[in-house]
Amino acid sequence: MFFKIAINNVKRSFKDYSIYFLTLTLGVCIFYSFNSIEAQNSILEMNKDPNYILSLNMLMAGTSVFVSFVLGGLIIYANNFLIKKRKKELGIYMTLGMPKSTISIILLFETLFIGALSLMVGLGLGIIVSQGMSVITANILGFDVEKFKFIISLSAMIKTVIYFGIIYLLVMGFNQITISKYKLIDMLNAAKKNEEVKLKNSFVSILLFLLSVGLLVTAYSRIMKSGINGEVNELAITVILGVIGTLFFFFSLSSFFIQMVQKNKKIYLKDINIFVLRQINNKINTNFLSMTVICLMLFLTISMLFTAFDLKGSIVKDTKTFDASAVIYANSEDENPKDNDIEEFLNTINFTFEPYEQHAFYREYSLNITSENLLSNYFTEQEKIALLEEGFYYNVQPISAMKISDYNAIRKLRERDAINLKGNEVLVVTNSEGKDDVFSNDIGREDIIHIEGNEYTIKNEAPIKETVNIAVPNQLFYLILPDNFNGSLQLEVTGLNVSYEDKYHDESEEKFVNLFNEFKENQYIDVSSASPYGRTWNQMLERNNGATALFVFLGLFLGLIFIITSAAVLALQQLSEASDSLERYKSLKKIGVTEKLINKAILSQTLIYFMAPLGLAILHSIVGISAVDQYFGFQYQSIIVCALFLAIIYGGYFYATYIGIKNIVKNSN
């Protein structure tokens, strides 16, 4: 019997449950889609490293726990609003003699029914969406879409059922606690209670609004000045100023807005604008705290979605240099000098190159002068700090050098012309090809450099940007010395670069990947004390793209959850409060206000209620993203896609809320 009553209640109140059901379904859909990532072909193709897959799974597991707390809070919040909306109905049940325990059982069945239905529909939708994600991911990462296969992740499905099952159990428990606290008189008179206006004094509201603007402007100027490179304490102060400014903004917004509009009688007295403004004042003033949280969540949403779609543009972007590279860092204390030479090491382990594997060995040396001797007059203090943060310890690291014959061997491997050096000439080469230029000014225009008392002319007018080795981090720069250089040279690195013919690419790739894995596992420790390290171009792309892809997925996952949560809370608040305001709308009808004007009023107040937090969030995002513009390319595609997500999800909730309120008012006769 209880189950039948619950089913009938859900059918009768399905319009009331529509936003709730939509939110649950989208939550399940997104939760499944992102937890099925590890099963998608595009991810498996992107990086076959088991450590990467493990990191991906751990990251998604941790994020899923966080998301489950967010969704759990949202569902409990939605339930409280739904119960509040039905207080009078539940009060009538009690007046007819139904005990609270029976009402709790009916609500339990209703929750079970809605939960099971949303879980089934959400999983079905999630399976479809996850396939689309696989295709989109393959497209983003540049993999062959023809390898796409329809996949259903059983582990993701089980995880989704378990997580949402726990959430529904918690919701049921909260429902029982909520019902047990209600009194009959409160239930029957729930619709007659008005919101408590927090701020009534017009002078205080204007003062607080101006204070909020001042705090936000201060926070904006601080973040624009320091970006994210400032001290932790300074950033914390900026964030606190922004949060407090946002809180004061919404606390004072509605009262300040009314004060401003009242000064323009044409607008204030037009149609039923007085009613609309009073409604907005009550809603925003009462819910200023939730509006603040929603604004900050939308700010995070916009920032994460923009970051995700902007970062994906950097995937598979670098121009290929070598197919494989390896190095051995020289150890001056090694008893056997051969252990410092990678060519000797490969001979020792009987490694051979095929005719289609072109290769070049080279040696790097360190000079007895540091980069500071050459660069200190050219870098600003900000540039010096930036270099140190990027790991370029120019002030203590000796300058790296290479003989011209070794450098030309590297150039030949890339089918570039050799460069001739006279005995008194040097070249400046920066190992930063494809990256931002680390030199902002005149290092390449320095004419003379002194090394151990000898004077050398720098041949090139600007540093040559050329990748010397893909297995090691970029050097700030190298000095290319003539072969007859007779100064002090300390062996620093011996290196190897390899390029293989396209026809035999897969064979050579497998060969060198196996070799470098053997290096990593120290399989040759018995024959040599050397510690070689190497990686292929594909391995480098997998590592770089894998890290970027993780940020993309994480940004999308959290961004979508946050926007759904924000929009759902706003929608539920508006729908619930529309029921509380039915008597006001009935009064408007009694005095002759047309349905068209009432619908216009509903549209206006719903639009303002949705746009207030979104507008400030967009402003926060513009300032925040501009402050860290050095990390982003600001591709117009990123802005368009981010705007589309907002328009579809946030706009969809707005439209559903408007239609819902309009139907509630229309059917109130």
# chains A, B, ... in the order shown; residues from 1 in each chain; ligands from 1
$ residues_around --residues "Gly652 (chain A)" --least-positions-apart "5" --cutoff "12 Å" --atoms "only C-alpha atoms" --output "number ranges by chain"
A: 19, 22-23, 563-564, 567-568, 571, 610, 644-647, 657-659
$ write_last_selection --atoms "all heavy atoms" --output "short mmCIF file (atom, residue, chain, number, x, y, z; two decimals), in the first residue's frame"
data_model
loop_
_atom_site.label_atom_id
_atom_site.label_comp_id
_atom_site.auth_asym_id
_atom_site.auth_seq_id
_atom_site.Cartn_x
_atom_site.Cartn_y
_atom_site.Cartn_z
N ILE A 19 13.13 18.75 -11.98
CA ILE A 19 14.49 19.29 -11.81
C ILE A 19 15.33 18.34 -10.97
O ILE A 19 16.51 18.09 -11.27
CB ILE A 19 14.44 20.68 -11.13
CG1 ILE A 19 13.75 21.70 -12.06
CG2 ILE A 19 15.83 21.16 -10.78
CD1 ILE A 19 14.53 22.05 -13.29
N LEU A 22 16.16 15.39 -13.16
CA LEU A 22 17.15 15.79 -14.16
C LEU A 22 18.54 15.88 -13.55
O LEU A 22 19.53 15.42 -14.14
CB LEU A 22 16.75 17.15 -14.77
CG LEU A 22 17.74 17.78 -15.75
CD1 LEU A 22 17.89 16.93 -17.00
CD2 LEU A 22 17.29 19.20 -16.12
N THR A 23 18.64 16.47 -12.37
CA THR A 23 19.92 16.62 -11.70
C THR A 23 20.53 15.26 -11.35
O THR A 23 21.73 15.03 -11.56
CB THR A 23 19.76 17.47 -10.43
OG1 THR A 23 19.21 18.74 -10.79
CG2 THR A 23 21.09 17.68 -9.73
N ILE A 563 28.80 23.06 -12.41
CA ILE A 563 27.77 23.85 -13.09
C ILE A 563 26.39 23.23 -12.89
O ILE A 563 25.39 23.92 -12.72
CB ILE A 563 28.10 24.00 -14.60
CG1 ILE A 563 27.19 25.08 -15.21
CG2 ILE A 563 27.93 22.71 -15.36
CD1 ILE A 563 27.55 25.42 -16.64
N ILE A 564 26.32 21.89 -12.87
CA ILE A 564 25.04 21.22 -12.61
C ILE A 564 24.58 21.53 -11.18
O ILE A 564 23.40 21.83 -10.94
CB ILE A 564 25.17 19.70 -12.83
CG1 ILE A 564 25.30 19.41 -14.33
CG2 ILE A 564 23.98 18.95 -12.25
CD1 ILE A 564 25.63 17.96 -14.63
N ALA A 567 23.46 25.32 -10.96
CA ALA A 567 22.19 25.56 -11.64
C ALA A 567 21.04 24.84 -10.94
O ALA A 567 19.92 25.38 -10.84
CB ALA A 567 22.29 25.10 -13.10
N ALA A 568 21.28 23.63 -10.44
CA ALA A 568 20.22 22.87 -9.77
C ALA A 568 19.78 23.55 -8.48
O ALA A 568 18.58 23.62 -8.18
CB ALA A 568 20.70 21.45 -9.48
N ALA A 571 17.69 26.52 -9.40
CA ALA A 571 16.38 26.08 -9.91
C ALA A 571 15.48 25.62 -8.77
O ALA A 571 14.30 25.98 -8.70
CB ALA A 571 16.57 24.96 -10.93
N PHE A 610 19.26 34.07 -11.93
CA PHE A 610 20.28 33.20 -12.52
C PHE A 610 21.50 33.99 -12.98
O PHE A 610 22.63 33.49 -12.91
CB PHE A 610 19.69 32.42 -13.71
CG PHE A 610 19.10 31.10 -13.34
CD1 PHE A 610 17.85 31.02 -12.74
CD2 PHE A 610 19.78 29.92 -13.58
CE1 PHE A 610 17.29 29.80 -12.40
CE2 PHE A 610 19.23 28.69 -13.24
CZ PHE A 610 17.99 28.63 -12.66
N LEU A 644 29.43 27.37 -24.75
CA LEU A 644 28.41 26.39 -25.16
C LEU A 644 27.97 25.54 -23.98
O LEU A 644 26.77 25.29 -23.78
CB LEU A 644 28.94 25.50 -26.28
CG LEU A 644 28.74 26.01 -27.71
CD1 LEU A 644 29.42 25.08 -28.70
CD2 LEU A 644 27.26 26.12 -28.03
N PHE A 645 28.95 25.06 -23.20
CA PHE A 645 28.61 24.25 -22.02
C PHE A 645 27.73 25.06 -21.06
O PHE A 645 26.75 24.55 -20.52
CB PHE A 645 29.88 23.79 -21.31
CG PHE A 645 30.40 22.48 -21.80
CD1 PHE A 645 31.41 22.41 -22.74
CD2 PHE A 645 29.88 21.29 -21.32
CE1 PHE A 645 31.90 21.21 -23.19
CE2 PHE A 645 30.35 20.07 -21.76
CZ PHE A 645 31.37 20.03 -22.71
N LEU A 646 28.11 26.31 -20.83
CA LEU A 646 27.32 27.16 -19.94
C LEU A 646 25.92 27.38 -20.49
O LEU A 646 24.93 27.29 -19.75
CB LEU A 646 28.02 28.50 -19.75
CG LEU A 646 29.16 28.56 -18.74
CD1 LEU A 646 29.90 29.89 -18.85
CD2 LEU A 646 28.65 28.36 -17.33
N ALA A 647 25.84 27.66 -21.80
CA ALA A 647 24.54 27.95 -22.41
C ALA A 647 23.63 26.73 -22.36
O ALA A 647 22.44 26.84 -22.05
CB ALA A 647 24.74 28.41 -23.85
N THR A 657 13.38 26.06 -15.20
CA THR A 657 12.88 26.75 -14.00
C THR A 657 11.77 27.73 -14.36
O THR A 657 10.74 27.80 -13.68
CB THR A 657 14.03 27.49 -13.30
OG1 THR A 657 15.07 26.57 -13.01
CG2 THR A 657 13.56 28.13 -12.01
N TYR A 658 12.00 28.49 -15.42
CA TYR A 658 10.99 29.46 -15.86
C TYR A 658 9.68 28.76 -16.22
O TYR A 658 8.59 29.18 -15.78
CB TYR A 658 11.52 30.24 -17.06
CG TYR A 658 10.46 31.01 -17.81
CD1 TYR A 658 9.76 32.06 -17.21
CD2 TYR A 658 10.13 30.68 -19.13
CE1 TYR A 658 8.77 32.76 -17.89
CE2 TYR A 658 9.15 31.37 -19.82
CZ TYR A 658 8.47 32.40 -19.20
OH TYR A 658 7.48 33.08 -19.87
N ILE A 659 9.75 27.69 -16.99
CA ILE A 659 8.55 26.94 -17.38
C ILE A 659 7.88 26.34 -16.14
O ILE A 659 6.65 26.35 -16.00
CB ILE A 659 8.90 25.83 -18.39
CG1 ILE A 659 9.42 26.45 -19.69
CG2 ILE A 659 7.69 24.95 -18.67
CD1 ILE A 659 8.44 27.34 -20.41
#
$ residues_around --residues "region 163-179 of chain A" --least-positions-apart "2" --cutoff "9 Å" --atoms "only C-alpha atoms" --output "VMD selection string"
chain A and resid 28 64 to 65 68 to 69 71 to 73 75 to 76 79 to 80 83 100 to 101 103 to 105 107 to 108 111 to 112 115 119 158 to 161 181 to 183
$ atom_distance --atom1 "CA of Ile280 (chain A)" --atom2 "CA of Leu597 (chain A)"
16.3 Å
$ select_by_dssp --residues "region 416-661 of chain A" --states "helix (DSSP H, G or I)" --output "PyMOL selection string"
chain A and resi 443-445+502-520+537-580+582-590+595-627+629-631+636-661
$ closest_residue --among "A:Lys338, A:His620, A:Lys666, A:Arg584" --to "Arg278 (chain A)" --atoms "only C-alpha atoms"
A:Arg584
$ closest_residue --among "A:Thr246, A:Gln605, A:Thr565, A:Gln573" --to "Gln279 (chain A)" --atoms "only C-alpha atoms"
A:Gln605
$ decode --residues "region 522-533 of chain A" --atoms "all heavy atoms" --output "tab-separated table (two decimals), in the first residue's frame"
chain	number	residue	atom	x	y	z
A	522	ASN	N	68.17	-1.17	-14.37
A	522	ASN	CA	69.58	-1.44	-13.99
A	522	ASN	C	70.01	-2.87	-14.33
A	522	ASN	O	70.68	-3.54	-13.54
A	522	ASN	CB	69.79	-1.18	-12.50
A	522	ASN	CG	69.65	0.28	-12.14
A	522	ASN	OD1	70.09	1.15	-12.88
A	522	ASN	ND2	69.01	0.54	-11.00
A	523	GLN	N	69.64	-3.33	-15.51
A	523	GLN	CA	69.97	-4.72	-15.90
A	523	GLN	C	71.44	-4.90	-16.24
A	523	GLN	O	71.92	-6.02	-16.34
A	523	GLN	CB	69.10	-5.14	-17.08
A	523	GLN	CG	67.63	-5.32	-16.73
A	523	GLN	CD	66.85	-6.00	-17.83
A	523	GLN	OE1	67.43	-6.56	-18.76
A	523	GLN	NE2	65.53	-5.99	-17.72
A	524	TYR	N	72.18	-3.78	-16.44
A	524	TYR	CA	73.59	-3.89	-16.84
A	524	TYR	C	74.53	-3.45	-15.73
A	524	TYR	O	75.68	-3.10	-15.98
A	524	TYR	CB	73.83	-3.05	-18.10
A	524	TYR	CG	72.97	-3.47	-19.27
A	524	TYR	CD1	71.90	-2.68	-19.67
A	524	TYR	CD2	73.22	-4.66	-19.95
A	524	TYR	CE1	71.09	-3.07	-20.74
A	524	TYR	CE2	72.42	-5.05	-21.01
A	524	TYR	CZ	71.35	-4.25	-21.40
A	524	TYR	OH	70.56	-4.65	-22.45
A	525	ILE	N	74.04	-3.45	-14.51
A	525	ILE	CA	74.85	-3.01	-13.39
A	525	ILE	C	76.08	-3.90	-13.18
A	525	ILE	O	77.10	-3.47	-12.65
A	525	ILE	CB	73.99	-2.96	-12.10
A	525	ILE	CG1	74.71	-2.20	-10.99
A	525	ILE	CG2	73.61	-4.37	-11.65
A	525	ILE	CD1	74.88	-0.73	-11.29
A	526	ASP	N	75.99	-5.18	-13.64
A	526	ASP	CA	77.11	-6.12	-13.46
A	526	ASP	C	78.25	-5.85	-14.43
A	526	ASP	O	79.40	-6.22	-14.16
A	526	ASP	CB	76.63	-7.56	-13.64
A	526	ASP	CG	75.64	-7.99	-12.56
A	526	ASP	OD1	75.70	-7.39	-11.46
A	526	ASP	OD2	74.83	-8.89	-12.81
A	527	VAL	N	77.96	-5.21	-15.56
A	527	VAL	CA	78.99	-5.00	-16.57
A	527	VAL	C	79.51	-3.57	-16.59
A	527	VAL	O	80.55	-3.29	-17.17
A	527	VAL	CB	78.48	-5.38	-17.99
A	527	VAL	CG1	78.15	-6.86	-18.05
A	527	VAL	CG2	77.27	-4.55	-18.37
A	528	SER	N	78.75	-2.64	-15.95
A	528	SER	CA	79.17	-1.24	-15.94
A	528	SER	C	78.51	-0.51	-14.79
A	528	SER	O	77.38	-0.81	-14.41
A	528	SER	CB	78.80	-0.57	-17.27
A	528	SER	OG	79.05	0.81	-17.22
A	529	SER	N	79.23	0.44	-14.24
A	529	SER	CA	78.67	1.25	-13.15
A	529	SER	C	77.89	2.46	-13.67
A	529	SER	O	77.38	3.25	-12.88
A	529	SER	CB	79.79	1.74	-12.22
A	529	SER	OG	80.68	2.58	-12.95
A	530	ALA	N	77.82	2.60	-14.99
A	530	ALA	CA	77.12	3.74	-15.59
A	530	ALA	C	75.62	3.65	-15.32
A	530	ALA	O	75.06	2.56	-15.15
A	530	ALA	CB	77.38	3.78	-17.09
A	531	SER	N	74.97	4.83	-15.30
A	531	SER	CA	73.52	4.89	-15.12
A	531	SER	C	72.91	5.64	-16.30
A	531	SER	O	72.54	6.82	-16.19
A	531	SER	CB	73.17	5.59	-13.81
A	531	SER	OG	73.70	4.90	-12.71
A	532	PRO	N	72.83	4.99	-17.45
A	532	PRO	CA	72.27	5.66	-18.64
A	532	PRO	C	70.77	5.88	-18.50
A	532	PRO	O	70.08	5.17	-17.76
A	532	PRO	CB	72.59	4.70	-19.78
A	532	PRO	CG	72.65	3.35	-19.12
A	532	PRO	CD	73.19	3.59	-17.74
A	533	TYR	N	70.28	6.87	-19.22
A	533	TYR	CA	68.85	7.16	-19.24
A	533	TYR	C	68.48	7.54	-20.66
A	533	TYR	O	69.22	8.25	-21.35
A	533	TYR	CB	68.50	8.31	-18.29
A	533	TYR	CG	67.10	8.84	-18.48
A	533	TYR	CD1	66.00	8.12	-18.01
A	533	TYR	CD2	66.87	10.03	-19.18
A	533	TYR	CE1	64.71	8.59	-18.20
A	533	TYR	CE2	65.58	10.51	-19.37
A	533	TYR	CZ	64.50	9.78	-18.88
A	533	TYR	OH	63.23	10.23	-19.09
